[in-house]
>>> print(open('target07.cif').read())   # mmCIF, N, CA, C and O atoms
data_input
#
loop_
_atom_site.label_atom_id
_atom_site.label_comp_id
_atom_site.auth_asym_id
_atom_site.auth_seq_id
_atom_site.Cartn_x
_atom_site.Cartn_y
_atom_site.Cartn_z
N MET G 171 14.61 16.94 -0.06
CA MET G 171 13.47 16.88 0.82
C MET G 171 13.00 15.43 0.97
O MET G 171 12.88 14.93 2.06
N PHE G 172 12.70 14.75 -0.14
CA PHE G 172 12.31 13.34 -0.06
C PHE G 172 13.52 12.49 -0.43
O PHE G 172 14.23 12.79 -1.36
N ARG G 173 13.72 11.42 0.31
CA ARG G 173 14.82 10.52 -0.03
C ARG G 173 14.24 9.21 -0.52
O ARG G 173 13.18 8.77 -0.08
N ARG G 174 14.92 8.62 -1.45
CA ARG G 174 14.47 7.36 -2.01
C ARG G 174 14.90 6.23 -1.08
O ARG G 174 16.03 6.17 -0.64
N THR G 175 13.97 5.35 -0.76
CA THR G 175 14.25 4.22 0.11
C THR G 175 14.83 3.08 -0.73
O THR G 175 14.29 2.73 -1.77
N THR G 176 15.93 2.52 -0.25
CA THR G 176 16.51 1.38 -0.93
C THR G 176 15.78 0.12 -0.51
O THR G 176 15.63 -0.15 0.68
N ILE G 177 15.32 -0.65 -1.49
CA ILE G 177 14.59 -1.88 -1.20
C ILE G 177 15.58 -3.01 -0.99
O ILE G 177 16.43 -3.27 -1.85
N PRO G 178 15.52 -3.69 0.16
CA PRO G 178 16.44 -4.80 0.42
C PRO G 178 16.29 -5.91 -0.62
O PRO G 178 15.19 -6.18 -1.13
N ALA G 179 17.39 -6.56 -0.94
CA ALA G 179 17.44 -7.59 -1.98
C ALA G 179 16.37 -8.68 -1.85
O ALA G 179 15.79 -9.06 -2.85
N PRO G 180 16.07 -9.20 -0.64
CA PRO G 180 15.07 -10.27 -0.56
C PRO G 180 13.68 -9.85 -1.06
O PRO G 180 12.88 -10.69 -1.43
N PHE G 181 13.40 -8.55 -1.08
CA PHE G 181 12.09 -8.07 -1.50
C PHE G 181 12.07 -7.58 -2.94
O PHE G 181 11.02 -7.53 -3.56
N ALA G 182 13.21 -7.20 -3.45
CA ALA G 182 13.29 -6.55 -4.76
C ALA G 182 12.67 -7.39 -5.88
O ALA G 182 11.90 -6.89 -6.69
N ALA G 183 12.97 -8.68 -5.92
CA ALA G 183 12.46 -9.54 -6.99
C ALA G 183 10.93 -9.65 -6.91
O ALA G 183 10.25 -9.56 -7.93
N SER G 184 10.39 -9.84 -5.71
CA SER G 184 8.93 -9.96 -5.55
C SER G 184 8.24 -8.66 -5.91
O SER G 184 7.17 -8.67 -6.55
N LEU G 185 8.82 -7.53 -5.53
CA LEU G 185 8.21 -6.24 -5.85
C LEU G 185 8.25 -5.98 -7.35
O LEU G 185 7.29 -5.47 -7.92
N LYS G 186 9.33 -6.38 -7.99
CA LYS G 186 9.44 -6.20 -9.44
C LYS G 186 8.43 -7.11 -10.14
O LYS G 186 7.73 -6.69 -11.07
N GLU G 187 8.32 -8.35 -9.70
CA GLU G 187 7.38 -9.30 -10.29
C GLU G 187 5.94 -8.81 -10.11
O GLU G 187 5.10 -8.95 -11.00
N PHE G 188 5.64 -8.23 -8.96
CA PHE G 188 4.31 -7.68 -8.67
C PHE G 188 4.01 -6.48 -9.57
O PHE G 188 2.87 -6.22 -9.90
N GLY G 189 5.03 -5.77 -9.97
CA GLY G 189 4.84 -4.57 -10.79
C GLY G 189 4.52 -3.36 -9.95
O GLY G 189 3.66 -2.55 -10.30
N ALA G 190 5.20 -3.24 -8.82
CA ALA G 190 4.93 -2.15 -7.90
C ALA G 190 5.20 -0.78 -8.54
O ALA G 190 6.25 -0.56 -9.12
N LEU G 191 4.21 0.10 -8.41
CA LEU G 191 4.36 1.48 -8.88
C LEU G 191 5.05 2.32 -7.81
O LEU G 191 5.82 3.22 -8.12
N THR G 192 4.74 2.04 -6.56
CA THR G 192 5.38 2.69 -5.43
C THR G 192 5.29 1.75 -4.23
O THR G 192 4.41 0.88 -4.18
N THR G 193 6.19 1.92 -3.30
CA THR G 193 6.28 1.01 -2.15
C THR G 193 6.60 1.78 -0.88
O THR G 193 7.04 2.93 -0.93
N ALA G 194 6.40 1.12 0.25
CA ALA G 194 6.80 1.66 1.55
C ALA G 194 7.08 0.50 2.49
O ALA G 194 6.37 -0.51 2.45
N PRO G 195 8.10 0.66 3.34
CA PRO G 195 8.38 -0.40 4.31
C PRO G 195 7.35 -0.39 5.44
O PRO G 195 6.87 0.67 5.85
N LEU G 196 7.02 -1.57 5.93
CA LEU G 196 6.12 -1.71 7.07
C LEU G 196 6.96 -1.93 8.33
O LEU G 196 8.09 -2.43 8.25
N GLU G 197 6.39 -1.60 9.47
CA GLU G 197 7.11 -1.77 10.73
C GLU G 197 7.49 -3.21 11.01
O GLU G 197 8.48 -3.47 11.68
N ASP G 198 6.70 -4.16 10.51
CA ASP G 198 6.97 -5.57 10.79
C ASP G 198 8.02 -6.18 9.86
O ASP G 198 8.27 -7.37 9.89
N GLY G 199 8.64 -5.35 9.01
CA GLY G 199 9.70 -5.84 8.14
C GLY G 199 9.25 -6.17 6.73
O GLY G 199 10.07 -6.36 5.84
N ARG G 200 7.94 -6.24 6.49
CA ARG G 200 7.44 -6.49 5.15
C ARG G 200 7.33 -5.17 4.39
O ARG G 200 7.66 -4.11 4.93
N TRP G 201 6.88 -5.23 3.14
CA TRP G 201 6.73 -4.03 2.32
C TRP G 201 5.31 -3.94 1.80
O TRP G 201 4.70 -4.96 1.45
N PHE G 202 4.77 -2.73 1.73
CA PHE G 202 3.47 -2.46 1.15
C PHE G 202 3.71 -1.96 -0.27
O PHE G 202 4.56 -1.10 -0.49
N ALA G 203 2.99 -2.52 -1.23
CA ALA G 203 3.19 -2.16 -2.63
C ALA G 203 1.88 -1.77 -3.28
O ALA G 203 0.86 -2.42 -3.09
N VAL G 204 1.94 -0.70 -4.05
CA VAL G 204 0.80 -0.24 -4.83
C VAL G 204 1.06 -0.65 -6.28
O VAL G 204 2.08 -0.28 -6.86
N GLY G 205 0.13 -1.42 -6.83
CA GLY G 205 0.22 -1.82 -8.23
C GLY G 205 -0.90 -1.20 -9.03
O GLY G 205 -1.81 -0.57 -8.47
N ALA G 206 -0.89 -1.37 -10.31
CA ALA G 206 -1.92 -0.79 -11.17
C ALA G 206 -3.29 -1.39 -10.90
O ALA G 206 -4.30 -0.69 -10.90
N ALA G 207 -3.36 -2.68 -10.63
CA ALA G 207 -4.65 -3.36 -10.45
C ALA G 207 -4.94 -3.76 -9.01
O ALA G 207 -6.07 -4.13 -8.69
N GLU G 208 -3.93 -3.70 -8.14
CA GLU G 208 -4.12 -4.19 -6.77
C GLU G 208 -3.03 -3.67 -5.84
O GLU G 208 -2.04 -3.10 -6.29
N VAL G 209 -3.26 -3.87 -4.54
CA VAL G 209 -2.25 -3.59 -3.53
C VAL G 209 -1.76 -4.92 -2.99
O VAL G 209 -2.46 -5.93 -3.07
N ALA G 210 -0.56 -4.91 -2.42
CA ALA G 210 0.00 -6.14 -1.88
C ALA G 210 0.89 -5.85 -0.69
O ALA G 210 1.45 -4.76 -0.58
N VAL G 211 1.00 -6.84 0.17
CA VAL G 211 2.00 -6.83 1.23
C VAL G 211 2.98 -7.93 0.84
O VAL G 211 2.59 -9.07 0.60
N ILE G 212 4.24 -7.54 0.74
CA ILE G 212 5.29 -8.45 0.28
C ILE G 212 6.19 -8.82 1.45
O ILE G 212 6.73 -7.93 2.12
N GLY G 213 6.35 -10.11 1.67
CA GLY G 213 7.27 -10.61 2.68
C GLY G 213 8.50 -11.20 2.01
O GLY G 213 8.58 -11.23 0.78
N VAL G 214 9.43 -11.70 2.78
CA VAL G 214 10.64 -12.29 2.19
C VAL G 214 10.32 -13.51 1.34
O VAL G 214 11.07 -13.84 0.44
N ASP G 215 9.20 -14.16 1.60
CA ASP G 215 8.80 -15.34 0.82
C ASP G 215 7.87 -15.00 -0.35
O ASP G 215 7.33 -15.89 -0.98
N GLY G 216 7.67 -13.72 -0.60
CA GLY G 216 6.80 -13.31 -1.71
C GLY G 216 5.57 -12.58 -1.22
O GLY G 216 5.55 -12.01 -0.13
N VAL G 217 4.52 -12.61 -2.02
CA VAL G 217 3.30 -11.88 -1.71
C VAL G 217 2.55 -12.54 -0.56
O VAL G 217 2.19 -13.71 -0.63
N ALA G 218 2.33 -11.77 0.51
CA ALA G 218 1.64 -12.28 1.69
C ALA G 218 0.16 -11.91 1.67
O ALA G 218 -0.67 -12.61 2.25
N LEU G 219 -0.18 -10.81 1.01
CA LEU G 219 -1.56 -10.34 0.94
C LEU G 219 -1.72 -9.60 -0.37
O LEU G 219 -0.86 -8.80 -0.75
N ARG G 220 -2.81 -9.86 -1.06
CA ARG G 220 -3.06 -9.23 -2.36
C ARG G 220 -4.54 -8.85 -2.42
O ARG G 220 -5.40 -9.71 -2.19
N THR G 221 -4.84 -7.59 -2.72
CA THR G 221 -6.22 -7.13 -2.78
C THR G 221 -6.44 -6.26 -4.01
O THR G 221 -5.77 -5.24 -4.17
N PRO G 222 -7.37 -6.64 -4.88
CA PRO G 222 -7.67 -5.80 -6.04
C PRO G 222 -8.29 -4.47 -5.60
O PRO G 222 -9.00 -4.41 -4.59
N TRP G 223 -8.05 -3.42 -6.37
CA TRP G 223 -8.60 -2.11 -6.04
C TRP G 223 -10.13 -2.16 -5.98
O TRP G 223 -10.74 -1.47 -5.17
N THR G 224 -10.75 -2.96 -6.81
CA THR G 224 -12.21 -3.03 -6.83
C THR G 224 -12.80 -3.62 -5.56
O THR G 224 -13.99 -3.49 -5.31
N ASP G 225 -11.97 -4.27 -4.74
CA ASP G 225 -12.43 -4.82 -3.46
C ASP G 225 -12.32 -3.80 -2.32
O ASP G 225 -12.75 -4.08 -1.20
N LEU G 226 -11.72 -2.64 -2.60
CA LEU G 226 -11.53 -1.64 -1.55
C LEU G 226 -12.55 -0.52 -1.66
O LEU G 226 -12.83 -0.02 -2.74
N GLU G 227 -13.08 -0.15 -0.50
CA GLU G 227 -14.07 0.91 -0.42
C GLU G 227 -13.41 2.24 -0.08
O GLU G 227 -13.81 3.29 -0.57
N SER G 228 -12.40 2.19 0.80
CA SER G 228 -11.73 3.41 1.21
C SER G 228 -10.36 3.08 1.81
O SER G 228 -10.07 1.93 2.14
N ALA G 229 -9.57 4.13 1.92
CA ALA G 229 -8.26 4.03 2.57
C ALA G 229 -8.08 5.29 3.40
O ALA G 229 -8.35 6.39 2.92
N THR G 230 -7.66 5.11 4.64
CA THR G 230 -7.42 6.28 5.50
C THR G 230 -6.02 6.21 6.07
O THR G 230 -5.49 5.13 6.35
N TRP G 231 -5.43 7.38 6.25
CA TRP G 231 -4.07 7.48 6.77
C TRP G 231 -4.10 8.24 8.09
O TRP G 231 -4.69 9.32 8.18
N ASP G 232 -3.49 7.67 9.12
CA ASP G 232 -3.33 8.33 10.41
C ASP G 232 -1.85 8.62 10.57
O ASP G 232 -1.05 7.71 10.82
N GLY G 233 -1.48 9.87 10.40
CA GLY G 233 -0.08 10.27 10.45
C GLY G 233 0.58 10.08 11.80
O GLY G 233 1.77 9.79 11.88
N GLU G 234 -0.19 10.25 12.88
CA GLU G 234 0.39 10.09 14.21
C GLU G 234 0.85 8.66 14.47
O GLU G 234 1.93 8.42 15.00
N SER G 235 0.00 7.70 14.12
CA SER G 235 0.34 6.30 14.37
C SER G 235 1.00 5.64 13.16
O SER G 235 1.42 4.50 13.24
N ARG G 236 1.05 6.36 12.04
CA ARG G 236 1.57 5.84 10.76
C ARG G 236 0.80 4.60 10.31
O ARG G 236 1.37 3.64 9.81
N GLU G 237 -0.51 4.62 10.51
CA GLU G 237 -1.34 3.48 10.12
C GLU G 237 -2.17 3.80 8.88
O GLU G 237 -2.85 4.82 8.81
N LEU G 238 -2.12 2.89 7.94
CA LEU G 238 -2.93 2.93 6.74
C LEU G 238 -4.02 1.88 6.92
O LEU G 238 -3.72 0.71 7.14
N THR G 239 -5.27 2.30 6.86
CA THR G 239 -6.40 1.39 7.02
C THR G 239 -7.11 1.24 5.69
O THR G 239 -7.54 2.22 5.10
N LEU G 240 -7.20 0.01 5.22
CA LEU G 240 -7.87 -0.32 3.97
C LEU G 240 -9.20 -1.00 4.29
O LEU G 240 -9.22 -2.08 4.87
N SER G 241 -10.30 -0.35 3.91
CA SER G 241 -11.64 -0.90 4.17
C SER G 241 -12.18 -1.54 2.90
O SER G 241 -12.06 -0.98 1.81
N ARG G 242 -12.78 -2.70 3.08
CA ARG G 242 -13.25 -3.50 1.94
C ARG G 242 -14.74 -3.28 1.69
O ARG G 242 -15.49 -2.98 2.61
N VAL G 243 -15.16 -3.47 0.45
CA VAL G 243 -16.56 -3.29 0.08
C VAL G 243 -17.45 -4.40 0.61
O VAL G 243 -18.65 -4.19 0.79
N ASP G 244 -16.88 -5.56 0.90
CA ASP G 244 -17.70 -6.70 1.36
C ASP G 244 -17.97 -6.69 2.86
O ASP G 244 -18.59 -7.62 3.38
N GLY G 245 -17.51 -5.65 3.56
CA GLY G 245 -17.77 -5.56 4.99
C GLY G 245 -16.80 -6.35 5.86
O GLY G 245 -16.96 -6.39 7.08
N ALA G 246 -15.82 -7.01 5.25
CA ALA G 246 -14.81 -7.74 6.03
C ALA G 246 -14.04 -6.75 6.90
O ALA G 246 -13.99 -5.56 6.59
N PRO G 247 -13.45 -7.24 7.98
CA PRO G 247 -12.67 -6.34 8.82
C PRO G 247 -11.58 -5.62 8.00
O PRO G 247 -11.00 -6.22 7.09
N PRO G 248 -11.34 -4.36 8.30
CA PRO G 248 -10.33 -3.62 7.55
C PRO G 248 -8.93 -4.16 7.79
O PRO G 248 -8.65 -4.78 8.82
N THR G 249 -8.07 -3.93 6.83
CA THR G 249 -6.66 -4.27 6.96
C THR G 249 -5.95 -3.02 7.45
O THR G 249 -6.06 -1.96 6.85
N VAL G 250 -5.24 -3.15 8.58
CA VAL G 250 -4.51 -2.03 9.14
C VAL G 250 -3.02 -2.33 9.02
O VAL G 250 -2.54 -3.36 9.50
N LEU G 251 -2.31 -1.43 8.35
CA LEU G 251 -0.88 -1.59 8.12
C LEU G 251 -0.14 -0.44 8.78
O LEU G 251 -0.51 0.72 8.58
N ARG G 252 0.87 -0.75 9.55
CA ARG G 252 1.67 0.29 10.20
C ARG G 252 2.96 0.47 9.41
O ARG G 252 3.78 -0.45 9.33
N LEU G 253 3.11 1.65 8.82
CA LEU G 253 4.28 1.94 8.01
C LEU G 253 5.47 2.33 8.87
O LEU G 253 5.30 2.87 9.96
N ALA G 254 6.65 2.08 8.34
CA ALA G 254 7.89 2.37 9.07
C ALA G 254 8.48 3.71 8.64
O ALA G 254 9.61 4.02 8.99
N THR G 255 7.72 4.51 7.91
CA THR G 255 8.22 5.78 7.41
C THR G 255 7.12 6.83 7.44
O THR G 255 5.95 6.51 7.39
N ASP G 256 7.54 8.08 7.51
CA ASP G 256 6.61 9.20 7.40
C ASP G 256 6.58 9.75 5.98
O ASP G 256 5.78 10.61 5.66
N ASP G 257 7.46 9.27 5.13
CA ASP G 257 7.58 9.73 3.75
C ASP G 257 6.57 8.97 2.89
O ASP G 257 6.91 8.03 2.19
N VAL G 258 5.29 9.40 2.98
CA VAL G 258 4.22 8.63 2.35
C VAL G 258 3.44 9.42 1.30
O VAL G 258 2.42 8.93 0.81
N PHE G 259 3.90 10.61 0.94
CA PHE G 259 3.12 11.43 0.01
C PHE G 259 2.85 10.70 -1.31
O PHE G 259 1.71 10.60 -1.75
N ARG G 260 3.89 10.19 -1.93
CA ARG G 260 3.72 9.49 -3.22
C ARG G 260 2.84 8.25 -3.06
O ARG G 260 1.96 7.99 -3.87
N LEU G 261 3.07 7.49 -2.00
CA LEU G 261 2.29 6.29 -1.75
C LEU G 261 0.82 6.62 -1.55
O LEU G 261 -0.05 6.02 -2.19
N MET G 262 0.51 7.59 -0.69
CA MET G 262 -0.88 7.92 -0.41
C MET G 262 -1.57 8.55 -1.61
O MET G 262 -2.77 8.34 -1.82
N THR G 263 -0.83 9.29 -2.41
CA THR G 263 -1.40 9.84 -3.64
C THR G 263 -1.82 8.71 -4.57
O THR G 263 -2.93 8.71 -5.13
N ALA G 264 -0.97 7.72 -4.72
CA ALA G 264 -1.27 6.57 -5.58
C ALA G 264 -2.47 5.78 -5.04
O ALA G 264 -3.35 5.38 -5.80
N VAL G 265 -2.51 5.57 -3.74
CA VAL G 265 -3.63 4.84 -3.12
C VAL G 265 -4.93 5.60 -3.34
O VAL G 265 -5.94 5.03 -3.78
N ARG G 266 -4.93 6.90 -3.04
CA ARG G 266 -6.14 7.71 -3.19
C ARG G 266 -6.66 7.69 -4.63
O ARG G 266 -7.85 7.48 -4.87
N GLU G 267 -5.76 7.89 -5.58
CA GLU G 267 -6.17 7.91 -6.99
C GLU G 267 -6.79 6.58 -7.41
O GLU G 267 -7.80 6.55 -8.11
N ARG G 268 -6.20 5.48 -6.98
CA ARG G 268 -6.69 4.18 -7.41
C ARG G 268 -7.97 3.76 -6.69
O ARG G 268 -8.84 3.14 -7.28
N VAL G 269 -8.10 4.10 -5.41
CA VAL G 269 -9.36 3.80 -4.71
C VAL G 269 -10.48 4.62 -5.34
O VAL G 269 -11.55 4.09 -5.65
N ASN G 270 -10.26 5.91 -5.55
CA ASN G 270 -11.28 6.75 -6.18
C ASN G 270 -11.62 6.25 -7.57
O ASN G 270 -12.79 6.21 -7.95
N GLY G 271 -10.61 5.87 -8.33
CA GLY G 271 -10.84 5.35 -9.68
C GLY G 271 -11.63 4.06 -9.68
O GLY G 271 -12.49 3.85 -10.53
N SER G 272 -11.37 3.19 -8.72
CA SER G 272 -12.09 1.91 -8.69
C SER G 272 -13.54 2.12 -8.27
O SER G 272 -14.43 1.42 -8.75
N ILE G 273 -13.80 3.09 -7.40
CA ILE G 273 -15.17 3.37 -6.96
C ILE G 273 -15.98 3.89 -8.16
O ILE G 273 -17.08 3.45 -8.42
N VAL G 274 -15.40 4.82 -8.90
CA VAL G 274 -16.09 5.37 -10.07
C VAL G 274 -16.30 4.27 -11.10
O VAL G 274 -17.38 4.15 -11.66
N HIS G 275 -15.30 3.44 -11.31
CA HIS G 275 -15.39 2.35 -12.29
C HIS G 275 -16.48 1.35 -11.92
O HIS G 275 -17.26 0.91 -12.76
N VAL G 276 -16.56 0.98 -10.65
CA VAL G 276 -17.54 -0.01 -10.19
C VAL G 276 -18.94 0.55 -10.25
O VAL G 276 -19.88 -0.12 -10.66
N GLU G 277 -19.12 1.81 -9.86
CA GLU G 277 -20.47 2.42 -9.87
C GLU G 277 -20.96 2.52 -11.28
O GLU G 277 -22.05 2.28 -11.63
#
>>> encode(input="target07.cif", output="structure tokens")
Amino acid sequence: MFRRTTIPAPFAASLKEFGALTTAPLEDGRWFAVGAAEVAVIGVDGVALRTPWTDLESATWDGESRELTLSRVDGAPPTVLRLATDDVFRLMTAVRERVNGSIVHVE
């Protein structure tokens, strides 16, 4: 039912260094990674965006457009990421658990 996505070599080292718990390819060729303490967008040159869980207020998934929207607690514009896959159950479960955990921890 679910197939494992093979991570291309240029990204593998950066994702391993980041300590990614789960990942998903983005439409623009980069990768979205969920880590224990933060989320990241990984490009061929390494980490392009890094956000601690405590900086996130919410995350929403739009299955039709395959967009993940990350809203920040400081009111900054949300980060919208378009995923290249519909196989997001594990990824979204990890995101939901960590956003909820950071909200409880901060409060």
>>> resolve_selection(input="target07.cif", expression="the PyMOL selection byres ((chain G and resi 259-263) around 8)", output="VMD selection string")
chain G and resid 191 to 194 202 204 229 231 255 to 258 264 to 270
>>> residues_near_point(input="target07.cif", point="(10.6, -12.5, 6.9)", cutoff="8 Å", atoms="only C-alpha atoms", output="ChimeraX atom specification")
/G:199-200,213-215
>>> closest_residue(input="target07.cif", among="G:Leu196, G:Ile212, G:Ala206, G:Ile273", to="Leu251 in chain G", atoms="only N, CA, C and O atoms")
G:Leu196
>>> closest_residue(input="target07.cif", among="G:Glu227, G:Glu208, G:Asp244, G:Asp232", to="Phe188 in chain G", atoms="only C-alpha atoms")
G:Glu208
>>> axis_aligned_box(input="target07.cif", around="range 259-265 of chain G", padding_each_side="4 Å", output="lines of an AutoDock Vina configuration file")
center_x = -1.0
center_y = 8.1
center_z = -2.4
size_x = 17.8
size_y = 14.6
size_z = 14.7
>>> atom_distance(input="target07.cif", atom1="atom O of Phe181 in chain G", atom2="atom O of Trp201 in chain G")
8.5 Å
>>> closest_residue(input="target07.cif", among="G:Pro247, G:Gly189, G:Pro180, G:Gly233", to="Ala203 in chain G", atoms="all atoms listed in the file")
G:Gly189
>>> select_by_dssp(input="target07.cif", residues="range 188-241 of chain G", states="strand (DSSP E)", output="MDAnalysis selection string")
chainID G and resid 192:195 201:204 208:213 216:222 226:232 237:241
>>> residues_around(input="target07.cif", residues="Leu253 in chain G", least_positions_apart="6", cutoff="5 Å", atoms="only N, CA, C and O atoms", output="list in words")
Pro195, Leu196, Glu197, Arg236 and Glu237 of chain G
>>> atom_distance(input="target07.cif", atom1="CA of Ala254 in chain G", atom2="CA of Ser184 in chain G")
19.2 Å
>>> atom_distance(input="target07.cif", atom1="atom O of Ala183 in chain G", atom2="atom N of Ser241 in chain G")
25.4 Å
>>> build_atoms(input="target07.cif", residues="range 204-213 of chain G", atoms="all heavy atoms", output="PDB file, in the frame of the given file")
ATOM      1  N   VAL G 204       1.940  -0.700  -4.050  1.00  0.00           N
ATOM      2  CA  VAL G 204       0.800  -0.240  -4.830  1.00  0.00           C
ATOM      3  C   VAL G 204       1.060  -0.650  -6.280  1.00  0.00           C
ATOM      4  O   VAL G 204       2.080  -0.280  -6.860  1.00  0.00           O
ATOM      5  CB  VAL G 204       0.647   1.291  -4.732  1.00  0.00           C
ATOM      6  CG1 VAL G 204      -0.408   1.789  -5.699  1.00  0.00           C
ATOM      7  CG2 VAL G 204       0.320   1.695  -3.303  1.00  0.00           C
ATOM      8  N   GLY G 205       0.130  -1.420  -6.830  1.00  0.00           N
ATOM      9  CA  GLY G 205       0.220  -1.820  -8.230  1.00  0.00           C
ATOM     10  C   GLY G 205      -0.900  -1.200  -9.030  1.00  0.00           C
ATOM     11  O   GLY G 205      -1.810  -0.570  -8.470  1.00  0.00           O
ATOM     12  N   ALA G 206      -0.890  -1.370 -10.310  1.00  0.00           N
ATOM     13  CA  ALA G 206      -1.920  -0.790 -11.170  1.00  0.00           C
ATOM     14  C   ALA G 206      -3.290  -1.390 -10.900  1.00  0.00           C
ATOM     15  O   ALA G 206      -4.300  -0.690 -10.900  1.00  0.00           O
ATOM     16  CB  ALA G 206      -1.548  -0.983 -12.635  1.00  0.00           C
ATOM     17  N   ALA G 207      -3.360  -2.680 -10.630  1.00  0.00           N
ATOM     18  CA  ALA G 207      -4.650  -3.360 -10.450  1.00  0.00           C
ATOM     19  C   ALA G 207      -4.940  -3.760  -9.010  1.00  0.00           C
ATOM     20  O   ALA G 207      -6.070  -4.130  -8.690  1.00  0.00           O
ATOM     21  CB  ALA G 207      -4.705  -4.603 -11.328  1.00  0.00           C
ATOM     22  N   GLU G 208      -3.930  -3.700  -8.140  1.00  0.00           N
ATOM     23  CA  GLU G 208      -4.120  -4.190  -6.770  1.00  0.00           C
ATOM     24  C   GLU G 208      -3.030  -3.670  -5.840  1.00  0.00           C
ATOM     25  O   GLU G 208      -2.040  -3.100  -6.290  1.00  0.00           O
ATOM     26  CB  GLU G 208      -4.128  -5.712  -6.748  1.00  0.00           C
ATOM     27  CG  GLU G 208      -2.862  -6.318  -7.311  1.00  0.00           C
ATOM     28  CD  GLU G 208      -2.993  -7.806  -7.591  1.00  0.00           C
ATOM     29  OE1 GLU G 208      -3.945  -8.447  -7.135  1.00  0.00           O
ATOM     30  OE2 GLU G 208      -2.111  -8.331  -8.269  1.00  0.00           O
ATOM     31  N   VAL G 209      -3.260  -3.870  -4.540  1.00  0.00           N
ATOM     32  CA  VAL G 209      -2.250  -3.590  -3.530  1.00  0.00           C
ATOM     33  C   VAL G 209      -1.760  -4.920  -2.990  1.00  0.00           C
ATOM     34  O   VAL G 209      -2.460  -5.930  -3.070  1.00  0.00           O
ATOM     35  CB  VAL G 209      -2.781  -2.716  -2.369  1.00  0.00           C
ATOM     36  CG1 VAL G 209      -3.152  -1.348  -2.857  1.00  0.00           C
ATOM     37  CG2 VAL G 209      -3.942  -3.372  -1.658  1.00  0.00           C
ATOM     38  N   ALA G 210      -0.560  -4.910  -2.420  1.00  0.00           N
ATOM     39  CA  ALA G 210       0.000  -6.140  -1.880  1.00  0.00           C
ATOM     40  C   ALA G 210       0.890  -5.850  -0.690  1.00  0.00           C
ATOM     41  O   ALA G 210       1.450  -4.760  -0.580  1.00  0.00           O
ATOM     42  CB  ALA G 210       0.790  -6.887  -2.954  1.00  0.00           C
ATOM     43  N   VAL G 211       1.000  -6.840   0.170  1.00  0.00           N
ATOM     44  CA  VAL G 211       2.000  -6.830   1.230  1.00  0.00           C
ATOM     45  C   VAL G 211       2.980  -7.930   0.840  1.00  0.00           C
ATOM     46  O   VAL G 211       2.590  -9.070   0.600  1.00  0.00           O
ATOM     47  CB  VAL G 211       1.373  -7.101   2.610  1.00  0.00           C
ATOM     48  CG1 VAL G 211       2.454  -7.255   3.667  1.00  0.00           C
ATOM     49  CG2 VAL G 211       0.408  -5.977   2.977  1.00  0.00           C
ATOM     50  N   ILE G 212       4.240  -7.540   0.740  1.00  0.00           N
ATOM     51  CA  ILE G 212       5.290  -8.450   0.280  1.00  0.00           C
ATOM     52  C   ILE G 212       6.190  -8.820   1.450  1.00  0.00           C
ATOM     53  O   ILE G 212       6.730  -7.930   2.120  1.00  0.00           O
ATOM     54  CB  ILE G 212       6.150  -7.789  -0.833  1.00  0.00           C
ATOM     55  CG1 ILE G 212       5.284  -7.157  -1.920  1.00  0.00           C
ATOM     56  CG2 ILE G 212       7.170  -8.762  -1.379  1.00  0.00           C
ATOM     57  CD1 ILE G 212       4.639  -8.086  -2.879  1.00  0.00           C
ATOM     58  N   GLY G 213       6.350 -10.110   1.670  1.00  0.00           N
ATOM     59  CA  GLY G 213       7.270 -10.610   2.680  1.00  0.00           C
ATOM     60  C   GLY G 213       8.500 -11.200   2.010  1.00  0.00           C
ATOM     61  O   GLY G 213       8.580 -11.230   0.780  1.00  0.00           O
TER      62      GLY G 213
END
